[in-house]
>>> print(open('run-v4.cif').read())   # mmCIF, C-alpha atoms
data_my_file
loop_
_atom_site.group_PDB
_atom_site.id
_atom_site.type_symbol
_atom_site.label_atom_id
_atom_site.label_comp_id
_atom_site.auth_asym_id
_atom_site.auth_seq_id
_atom_site.Cartn_x
_atom_site.Cartn_y
_atom_site.Cartn_z
ATOM 1 C CA MET A 1 25.347 -48.949 16.696
ATOM 2 C CA GLY A 2 27.247 -46.057 15.111
ATOM 3 C CA VAL A 3 26.820 -47.426 11.581
ATOM 4 C CA ARG A 4 23.085 -47.981 12.133
ATOM 5 C CA LEU A 5 22.656 -44.433 13.434
ATOM 6 C CA LEU A 6 24.600 -43.032 10.481
ATOM 7 C CA LYS A 7 22.394 -44.951 8.030
ATOM 8 C CA THR A 8 19.257 -43.716 9.786
ATOM 9 C CA VAL A 9 20.433 -40.096 9.606
ATOM 10 C CA LEU A 10 21.374 -40.532 5.949
ATOM 11 C CA HIS A 11 18.029 -42.089 5.036
ATOM 12 C CA THR A 12 16.157 -39.377 6.939
ATOM 13 C CA THR A 13 18.144 -36.646 5.194
ATOM 14 C CA VAL A 14 17.504 -38.148 1.758
ATOM 15 C CA PHE A 15 13.804 -38.509 2.540
ATOM 16 C CA LEU A 16 13.525 -34.871 3.696
ATOM 17 C CA CYS A 17 15.368 -33.623 0.593
ATOM 18 C CA LEU A 18 13.053 -35.609 -1.672
ATOM 19 C CA ALA A 19 9.984 -34.371 0.222
ATOM 20 C CA VAL A 20 11.067 -30.722 -0.004
ATOM 21 C CA THR A 21 11.868 -31.159 -3.702
ATOM 22 C CA LEU A 22 8.448 -32.656 -4.422
ATOM 23 C CA VAL A 23 6.675 -29.918 -2.455
ATOM 24 C CA HIS A 24 8.717 -27.246 -4.272
ATOM 25 C CA VAL A 25 7.920 -28.694 -7.712
ATOM 26 C CA ALA A 26 4.225 -28.941 -6.834
ATOM 27 C CA LEU A 27 3.995 -25.366 -5.547
ATOM 28 C CA VAL A 28 5.850 -23.948 -8.556
ATOM 29 C CA PHE A 29 3.631 -25.987 -10.863
ATOM 30 C CA PHE A 30 0.458 -24.558 -9.333
ATOM 31 C CA HIS A 31 2.022 -21.091 -9.491
ATOM 32 C CA VAL A 32 2.631 -21.208 -13.258
ATOM 33 C CA ALA A 33 -0.404 -23.336 -14.158
ATOM 34 C CA PRO A 34 -3.682 -21.722 -15.278
ATOM 35 C CA PRO A 35 -6.026 -20.810 -12.396
ATOM 36 C CA ASN A 36 -7.609 -23.915 -10.887
ATOM 37 C CA PRO A 37 -9.397 -24.835 -7.639
ATOM 38 C CA VAL A 38 -6.159 -25.819 -5.882
ATOM 39 C CA SER A 39 -4.232 -22.647 -6.828
ATOM 40 C CA ARG A 40 -7.208 -20.464 -5.849
ATOM 41 C CA ARG A 41 -7.712 -22.139 -2.476
ATOM 42 C CA TYR A 42 -4.033 -22.171 -1.502
ATOM 43 C CA SER A 43 -2.916 -18.975 -3.285
ATOM 44 C CA GLN A 44 -1.479 -17.410 -0.111
ATOM 45 C CA GLN A 45 0.632 -20.474 0.716
ATOM 46 C CA ILE A 46 1.822 -20.790 -2.888
ATOM 47 C CA GLU A 47 2.817 -17.110 -3.146
ATOM 48 C CA ALA A 48 4.538 -17.226 0.259
ATOM 49 C CA TRP A 49 6.756 -20.051 -1.026
ATOM 50 C CA VAL A 50 7.398 -18.734 -4.537
ATOM 51 C CA TYR A 51 8.124 -15.065 -3.783
ATOM 52 C CA PRO A 52 10.667 -13.605 -3.836
ATOM 53 C CA LEU A 53 13.249 -16.349 -4.470
ATOM 54 C CA PHE A 54 11.438 -18.673 -6.894
ATOM 55 C CA GLU A 55 9.502 -16.217 -9.052
ATOM 56 C CA GLN A 56 8.818 -17.596 -12.528
ATOM 57 C CA ASN A 57 8.546 -15.611 -15.750
ATOM 58 C CA TRP A 58 9.119 -16.053 -19.473
ATOM 59 C CA ARG A 59 11.147 -12.925 -20.150
ATOM 60 C CA LEU A 60 14.159 -14.952 -21.282
ATOM 61 C CA PHE A 61 12.138 -16.398 -24.171
ATOM 62 C CA ALA A 62 9.717 -13.496 -24.764
ATOM 63 C CA PRO A 63 11.493 -10.337 -23.617
ATOM 64 C CA ASN A 64 9.408 -7.215 -23.107
ATOM 65 C CA PRO A 65 11.782 -4.257 -23.440
ATOM 66 C CA ASP A 66 10.815 -0.938 -21.894
ATOM 67 C CA SER A 67 9.148 1.512 -24.264
ATOM 68 C CA VAL A 68 9.821 4.442 -21.907
ATOM 69 C CA ASN A 69 12.700 5.811 -19.863
ATOM 70 C CA ARG A 70 12.193 6.251 -16.141
ATOM 71 C CA GLN A 71 14.150 8.676 -14.012
ATOM 72 C CA VAL A 72 14.035 7.725 -10.334
ATOM 73 C CA LEU A 73 14.950 10.494 -7.900
ATOM 74 C CA ALA A 74 15.038 10.482 -4.121
ATOM 75 C CA ARG A 75 15.270 13.022 -1.336
ATOM 76 C CA THR A 76 15.606 12.553 2.397
ATOM 77 C CA ALA A 77 14.379 14.314 5.515
ATOM 78 C CA HIS A 78 15.901 14.557 8.957
ATOM 79 C CA ALA A 79 14.135 15.682 12.120
ATOM 80 C CA GLY A 80 16.119 18.421 13.851
ATOM 81 C CA PRO A 81 16.419 18.837 17.632
ATOM 82 C CA ASP A 82 13.733 21.540 17.565
ATOM 83 C CA GLY A 83 11.302 19.318 15.666
ATOM 84 C CA SER A 84 11.858 20.995 12.303
ATOM 85 C CA MET A 85 12.341 18.871 9.197
ATOM 86 C CA GLN A 86 15.478 19.343 7.108
ATOM 87 C CA VAL A 87 14.790 18.188 3.545
ATOM 88 C CA SER A 88 17.641 17.407 1.148
ATOM 89 C CA PRO A 89 17.729 18.254 -2.582
ATOM 90 C CA TRP A 90 16.628 15.591 -5.065
ATOM 91 C CA PHE A 91 19.267 12.957 -5.875
ATOM 92 C CA ASP A 92 19.071 11.220 -9.269
ATOM 93 C CA LEU A 93 19.426 7.470 -8.646
ATOM 94 C CA SER A 94 18.961 6.591 -12.315
ATOM 95 C CA ALA A 95 21.780 8.918 -13.375
ATOM 96 C CA VAL A 96 24.193 7.014 -11.127
ATOM 97 C CA ASP A 97 23.232 3.751 -12.837
ATOM 98 C CA SER A 98 23.537 5.313 -16.299
ATOM 99 C CA GLU A 99 27.003 6.608 -15.469
ATOM 100 C CA ALA A 100 28.055 3.166 -14.244
ATOM 101 C CA ILE A 101 26.820 1.527 -17.478
ATOM 102 C CA GLU A 102 28.109 4.050 -20.004
ATOM 103 C CA HIS A 103 31.327 3.059 -21.806
ATOM 104 C CA GLN A 104 31.447 -0.240 -19.904
ATOM 105 C CA ALA A 105 32.035 -3.352 -22.001
ATOM 106 C CA PHE A 106 30.667 -5.582 -19.240
ATOM 107 C CA PRO A 107 28.352 -3.413 -17.108
ATOM 108 C CA SER A 108 27.154 -4.634 -13.748
ATOM 109 C CA HIS A 109 23.828 -6.478 -13.665
ATOM 110 C CA THR A 110 22.995 -4.467 -10.546
ATOM 111 C CA ALA A 111 23.528 -1.150 -12.325
ATOM 112 C CA GLN A 112 21.454 -2.292 -15.293
ATOM 113 C CA ASN A 113 18.478 -3.920 -13.626
ATOM 114 C CA LEU A 114 18.237 -3.591 -9.832
ATOM 115 C CA LEU A 115 16.541 -0.190 -9.642
ATOM 116 C CA ARG A 116 14.549 -0.677 -12.851
ATOM 117 C CA ARG A 117 13.160 -4.078 -11.854
ATOM 118 C CA ALA A 118 12.462 -2.954 -8.294
ATOM 119 C CA TRP A 119 10.400 -0.008 -9.539
ATOM 120 C CA ALA A 120 8.526 -2.148 -12.096
ATOM 121 C CA ALA A 121 7.585 -4.664 -9.384
ATOM 122 C CA TYR A 122 6.558 -1.875 -6.990
ATOM 123 C CA ALA A 123 4.371 -0.128 -9.589
ATOM 124 C CA GLU A 124 2.735 -3.403 -10.569
ATOM 125 C CA SER A 125 1.878 -4.327 -6.973
ATOM 126 C CA HIS A 126 0.737 -0.870 -5.778
ATOM 127 C CA GLY A 127 -1.184 0.596 -8.697
ATOM 128 C CA LYS A 128 -1.597 4.359 -8.973
ATOM 129 C CA ASP A 129 -2.507 5.096 -5.343
ATOM 130 C CA ASP A 130 0.625 3.626 -3.698
ATOM 131 C CA THR A 131 -1.466 1.403 -1.442
ATOM 132 C CA ALA A 132 -0.005 -1.971 -0.463
ATOM 133 C CA ARG A 133 -2.740 -4.594 -0.660
ATOM 134 C CA SER A 134 -0.675 -7.707 -0.004
ATOM 135 C CA GLU A 135 2.343 -8.876 1.970
ATOM 136 C CA ARG A 136 4.352 -8.963 -1.255
ATOM 137 C CA ALA A 137 3.477 -5.312 -1.932
ATOM 138 C CA VAL A 138 4.694 -4.363 1.562
ATOM 139 C CA MET A 139 7.919 -6.294 0.933
ATOM 140 C CA LEU A 140 8.467 -4.495 -2.396
ATOM 141 C CA GLN A 141 7.912 -1.120 -0.748
ATOM 142 C CA LYS A 142 10.565 -1.929 1.848
ATOM 143 C CA TYR A 143 12.823 -3.143 -0.966
ATOM 144 C CA MET A 144 12.542 0.188 -2.808
ATOM 145 C CA ASN A 145 13.045 2.037 0.485
ATOM 146 C CA ASN A 146 16.228 0.108 1.244
ATOM 147 C CA ILE A 147 17.681 0.511 -2.260
ATOM 148 C CA ALA A 148 17.153 4.288 -2.276
ATOM 149 C CA SER A 149 18.291 4.952 1.300
ATOM 150 C CA ASP A 150 21.370 2.713 0.946
ATOM 151 C CA ARG A 151 22.436 4.420 -2.265
ATOM 152 C CA ILE A 152 22.019 7.895 -0.813
ATOM 153 C CA ALA A 153 23.930 6.877 2.306
ATOM 154 C CA GLU A 154 26.727 5.460 0.125
ATOM 155 C CA HIS A 155 26.835 8.653 -1.971
ATOM 156 C CA ARG A 156 27.009 10.874 1.107
ATOM 157 C CA GLY A 157 29.516 8.615 2.830
ATOM 158 C CA ASP A 158 27.999 9.091 6.285
ATOM 159 C CA GLY A 159 26.262 5.741 6.652
ATOM 160 C CA GLY A 160 22.828 7.365 6.498
ATOM 161 C CA ARG A 161 22.886 8.547 10.099
ATOM 162 C CA ASP A 162 20.776 11.629 9.298
ATOM 163 C CA ILE A 163 18.161 9.878 7.162
ATOM 164 C CA ASP A 164 14.825 9.576 8.957
ATOM 165 C CA PHE A 165 12.459 9.678 5.987
ATOM 166 C CA ILE A 166 12.809 9.209 2.254
ATOM 167 C CA GLN A 167 10.622 10.163 -0.694
ATOM 168 C CA LEU A 168 10.810 8.971 -4.295
ATOM 169 C CA ARG A 169 9.839 10.762 -7.479
ATOM 170 C CA VAL A 170 9.600 8.857 -10.758
ATOM 171 C CA ILE A 171 9.517 10.738 -14.054
ATOM 172 C CA THR A 172 8.476 8.678 -17.073
ATOM 173 C CA LEU A 173 9.817 9.922 -20.403
ATOM 174 C CA PRO A 174 8.963 8.596 -23.891
ATOM 175 C CA VAL A 175 11.675 7.000 -25.980
ATOM 176 C CA ALA A 176 12.302 9.083 -29.083
ATOM 177 C CA ALA A 177 11.439 7.373 -32.357
ATOM 178 C CA PRO A 178 14.414 6.406 -34.553
ATOM 179 C CA GLY A 179 15.382 9.237 -36.864
ATOM 180 C CA SER A 180 13.187 11.773 -35.079
ATOM 181 C CA ASN A 181 14.141 15.417 -35.264
ATOM 182 C CA ALA A 182 13.547 16.187 -31.618
ATOM 183 C CA GLY A 183 16.909 17.962 -31.616
ATOM 184 C CA ASP A 184 17.726 19.714 -28.396
ATOM 185 C CA ARG A 185 14.121 19.735 -27.236
ATOM 186 C CA PRO A 186 13.789 17.639 -24.032
ATOM 187 C CA PRO A 187 10.986 15.064 -24.215
ATOM 188 C CA LYS A 188 7.761 15.878 -22.411
ATOM 189 C CA PRO A 189 7.195 13.600 -19.388
ATOM 190 C CA VAL A 190 4.404 11.068 -19.742
ATOM 191 C CA GLU A 191 4.075 10.804 -15.960
ATOM 192 C CA ASN A 192 5.571 12.642 -12.997
ATOM 193 C CA ARG A 193 4.789 10.504 -9.964
ATOM 194 C CA LEU A 194 5.510 11.645 -6.420
ATOM 195 C CA LEU A 195 5.426 8.911 -3.803
ATOM 196 C CA PRO A 196 4.602 9.458 -0.115
ATOM 197 C CA TRP A 197 7.299 9.878 2.522
ATOM 198 C CA TRP A 198 8.539 6.576 3.939
ATOM 199 C CA LYS A 199 10.109 6.002 7.324
ATOM 200 C CA VAL A 200 13.682 4.740 7.017
ATOM 201 C CA THR A 201 14.344 1.865 9.395
ATOM 202 C CA SER A 202 17.685 0.659 7.989
ATOM 203 C CA HIS A 203 21.178 1.701 9.048
ATOM 204 C CA GLY A 204 20.637 0.375 12.557
ATOM 205 C CA LYS A 205 17.607 2.559 13.336
#
>>> encode(input="run-v4.cif", output="structure tokens")
Amino acid sequence: MGVRLLKTVLHTTVFLCLAVTLVHVALVFFHVAPPNPVSRRYSQQIEAWVYPLFEQNWRLFAPNPDSVNRQVLARTAHAGPDGSMQVSPWFDLSAVDSEAIEHQAFPSHTAQNLLRRAWAAYAESHGKDDTARSERAVMLQKYMNNIASDRIAEHRGDGGRDIDFIQLRVITLPVAAPGSNAGDRPPKPVENRLLPWWKVTSHGK
């Protein structure tokens, strides 16, 4: 009886693993395949499975390096007992990453790409008006919110207890051409984008 039950459990487990594998391969296939009737009809189900863990791209084989530098800054606001809002100075998140990378033979992948990739995904999903039009866009907004608020809380060392709202500002600067004589002149920003205030719900709030 025990051996038969063990075999049944084993066979069931193998069958479920094979079924999940086949479903995964099929969904990823329809995700990367050209638009077709199946991918159009079941786009929501396919995206819900693929994002964010199984996203596919070809950047390893066809890298698309940034042609601009982006400076991501953040400031926080805290509601005082009298209802007034106490706004902090701007904190340069990108500068922290640059400092962590500089003079490092093996810099952290997080310092190199986390903030940069998070912003690129947010900008791609929200457009110019910062409006989330899909569940993935909402998720990416929360992702940016969490990254910024966690980093500010870590920098302040207070666990973010006084962070009620957070606002991001992204300054896009051109990359100077090789051999240019820009000298000490700072580059003129291509874009200075101010995002709306977001409610911070992390840190146990």
>>> closest_residue(input="run-v4.cif", among="A:Ala148, A:Val170, A:Ala137, A:Ile101", to="A:Asn113", atoms="only C-alpha atoms")
A:Ile101
>>> residues_around(input="run-v4.cif", residues="A:Ala48", least_positions_apart="6", cutoff="12 Å", atoms="only C-alpha atoms", output="PyMOL selection string")
chain A and resi 24+27-28+31+42+54-55+134-136+139
>>> closest_residue(input="run-v4.cif", among="A:Trp198, A:Phe106, A:Tyr143, A:Tyr51", to="A:Ile163", atoms="all atoms listed in the file")
A:Trp198
>>> resolve_selection(input="run-v4.cif", expression="the PyMOL selection byres ((chain A and resi 90) around 9)", output="MDAnalysis selection string")
chainID A and resid 73:76 88:89 91:92 168:169
>>> write_last_selection(input="run-v4.cif", atoms="C-alpha atoms", output="PDB file, in the coordinates of the input")
ATOM      1  CA  LEU A  73      14.950  10.494  -7.900  1.00  0.00           C
ATOM      2  CA  ALA A  74      15.038  10.482  -4.121  1.00  0.00           C
ATOM      3  CA  ARG A  75      15.270  13.022  -1.336  1.00  0.00           C
ATOM      4  CA  THR A  76      15.606  12.553   2.397  1.00  0.00           C
ATOM      5  CA  SER A  88      17.641  17.407   1.148  1.00  0.00           C
ATOM      6  CA  PRO A  89      17.729  18.254  -2.582  1.00  0.00           C
ATOM      7  CA  PHE A  91      19.267  12.957  -5.875  1.00  0.00           C
ATOM      8  CA  ASP A  92      19.071  11.220  -9.269  1.00  0.00           C
ATOM      9  CA  LEU A 168      10.810   8.971  -4.295  1.00  0.00           C
ATOM     10  CA  ARG A 169       9.839  10.762  -7.479  1.00  0.00           C
TER      11      ARG A 169
END
>>> residues_around(input="run-v4.cif", residues="A:Val138", least_positions_apart="6", cutoff="12 Å", atoms="only C-alpha atoms", output="list in words")
Ala121, Tyr122, Ala123, Ser125, His126, Asp130, Thr131, Ala132, Met144, Asn145 and Trp198 of chain A
>>> residues_around(input="run-v4.cif", residues="A:Ile171", least_positions_apart="2", cutoff="12 Å", atoms="all atoms listed in the file", output="list of chain:residue names")
A:Val68, A:Asn69, A:Arg70, A:Gln71, A:Val72, A:Leu73, A:Ala74, A:Asp92, A:Leu93, A:Ser94, A:Trp119, A:Leu168, A:Arg169, A:Leu173, A:Pro174, A:Pro187, A:Lys188, A:Pro189, A:Val190, A:Glu191, A:Asn192, A:Arg193, A:Leu194, A:Leu195
>>> write_last_selection(input="run-v4.cif", atoms="C-alpha atoms", output="mmCIF file, keeping the file's coordinate frame")
data_model
loop_
_atom_site.group_PDB
_atom_site.id
_atom_site.type_symbol
_atom_site.label_atom_id
_atom_site.label_comp_id
_atom_site.auth_asym_id
_atom_site.auth_seq_id
_atom_site.Cartn_x
_atom_site.Cartn_y
_atom_site.Cartn_z
ATOM 1 C CA VAL A 68 9.821 4.442 -21.907
ATOM 2 C CA ASN A 69 12.700 5.811 -19.863
ATOM 3 C CA ARG A 70 12.193 6.251 -16.141
ATOM 4 C CA GLN A 71 14.150 8.676 -14.012
ATOM 5 C CA VAL A 72 14.035 7.725 -10.334
ATOM 6 C CA LEU A 73 14.950 10.494 -7.900
ATOM 7 C CA ALA A 74 15.038 10.482 -4.121
ATOM 8 C CA ASP A 92 19.071 11.220 -9.269
ATOM 9 C CA LEU A 93 19.426 7.470 -8.646
ATOM 10 C CA SER A 94 18.961 6.591 -12.315
ATOM 11 C CA TRP A 119 10.400 -0.008 -9.539
ATOM 12 C CA LEU A 168 10.810 8.971 -4.295
ATOM 13 C CA ARG A 169 9.839 10.762 -7.479
ATOM 14 C CA LEU A 173 9.817 9.922 -20.403
ATOM 15 C CA PRO A 174 8.963 8.596 -23.891
ATOM 16 C CA PRO A 187 10.986 15.064 -24.215
ATOM 17 C CA LYS A 188 7.761 15.878 -22.411
ATOM 18 C CA PRO A 189 7.195 13.600 -19.388
ATOM 19 C CA VAL A 190 4.404 11.068 -19.742
ATOM 20 C CA GLU A 191 4.075 10.804 -15.960
ATOM 21 C CA ASN A 192 5.571 12.642 -12.997
ATOM 22 C CA ARG A 193 4.789 10.504 -9.964
ATOM 23 C CA LEU A 194 5.510 11.645 -6.420
ATOM 24 C CA LEU A 195 5.426 8.911 -3.803
#
>>> atom_distance(input="run-v4.cif", atom1="atom CA of A:Gly80", atom2="atom CA of A:His155")
21.5 Å
>>> atom_distance(input="run-v4.cif", atom1="atom CA of A:Ala111", atom2="atom CA of A:Asp97")
4.9 Å
>>> resolve_selection(input="run-v4.cif", expression="the PyMOL selection byres ((chain A and resi 146) around 12)", output="ChimeraX atom specification")
/A:74,114-115,118,139-145,147-154,160,163,165-168,198-203
>>> atom_distance(input="run-v4.cif", atom1="atom CA of A:Ala19", atom2="atom CA of A:Arg40")
22.9 Å
>>> residues_around(input="run-v4.cif", residues="A:Phe29", least_positions_apart="2", cutoff="12 Å", atoms="only C-alpha atoms", output="PDB file with C-alpha atoms, keeping the file's coordinate frame")
ATOM      1  CA  LEU A  22       8.448 -32.656  -4.422  1.00  0.00           C
ATOM      2  CA  VAL A  23       6.675 -29.918  -2.455  1.00  0.00           C
ATOM      3  CA  HIS A  24       8.717 -27.246  -4.272  1.00  0.00           C
ATOM      4  CA  VAL A  25       7.920 -28.694  -7.712  1.00  0.00           C
ATOM      5  CA  ALA A  26       4.225 -28.941  -6.834  1.00  0.00           C
ATOM      6  CA  LEU A  27       3.995 -25.366  -5.547  1.00  0.00           C
ATOM      7  CA  HIS A  31       2.022 -21.091  -9.491  1.00  0.00           C
ATOM      8  CA  VAL A  32       2.631 -21.208 -13.258  1.00  0.00           C
ATOM      9  CA  ALA A  33      -0.404 -23.336 -14.158  1.00  0.00           C
ATOM     10  CA  PRO A  34      -3.682 -21.722 -15.278  1.00  0.00           C
ATOM     11  CA  PRO A  35      -6.026 -20.810 -12.396  1.00  0.00           C
ATOM     12  CA  ASN A  36      -7.609 -23.915 -10.887  1.00  0.00           C
ATOM     13  CA  VAL A  38      -6.159 -25.819  -5.882  1.00  0.00           C
ATOM     14  CA  SER A  39      -4.232 -22.647  -6.828  1.00  0.00           C
ATOM     15  CA  ILE A  46       1.822 -20.790  -2.888  1.00  0.00           C
ATOM     16  CA  GLU A  47       2.817 -17.110  -3.146  1.00  0.00           C
ATOM     17  CA  TRP A  49       6.756 -20.051  -1.026  1.00  0.00           C
ATOM     18  CA  VAL A  50       7.398 -18.734  -4.537  1.00  0.00           C
ATOM     19  CA  PHE A  54      11.438 -18.673  -6.894  1.00  0.00           C
ATOM     20  CA  GLU A  55       9.502 -16.217  -9.052  1.00  0.00           C
ATOM     21  CA  GLN A  56       8.818 -17.596 -12.528  1.00  0.00           C
TER      22      GLN A  56
END
>>> resolve_selection(input="run-v4.cif", expression="the PyMOL selection byres ((chain A and resi 78) around 6)", output="list in words")
Ala77, Ala79, Met85, Gln86, Asp162, Ile163 and Asp164 of chain A
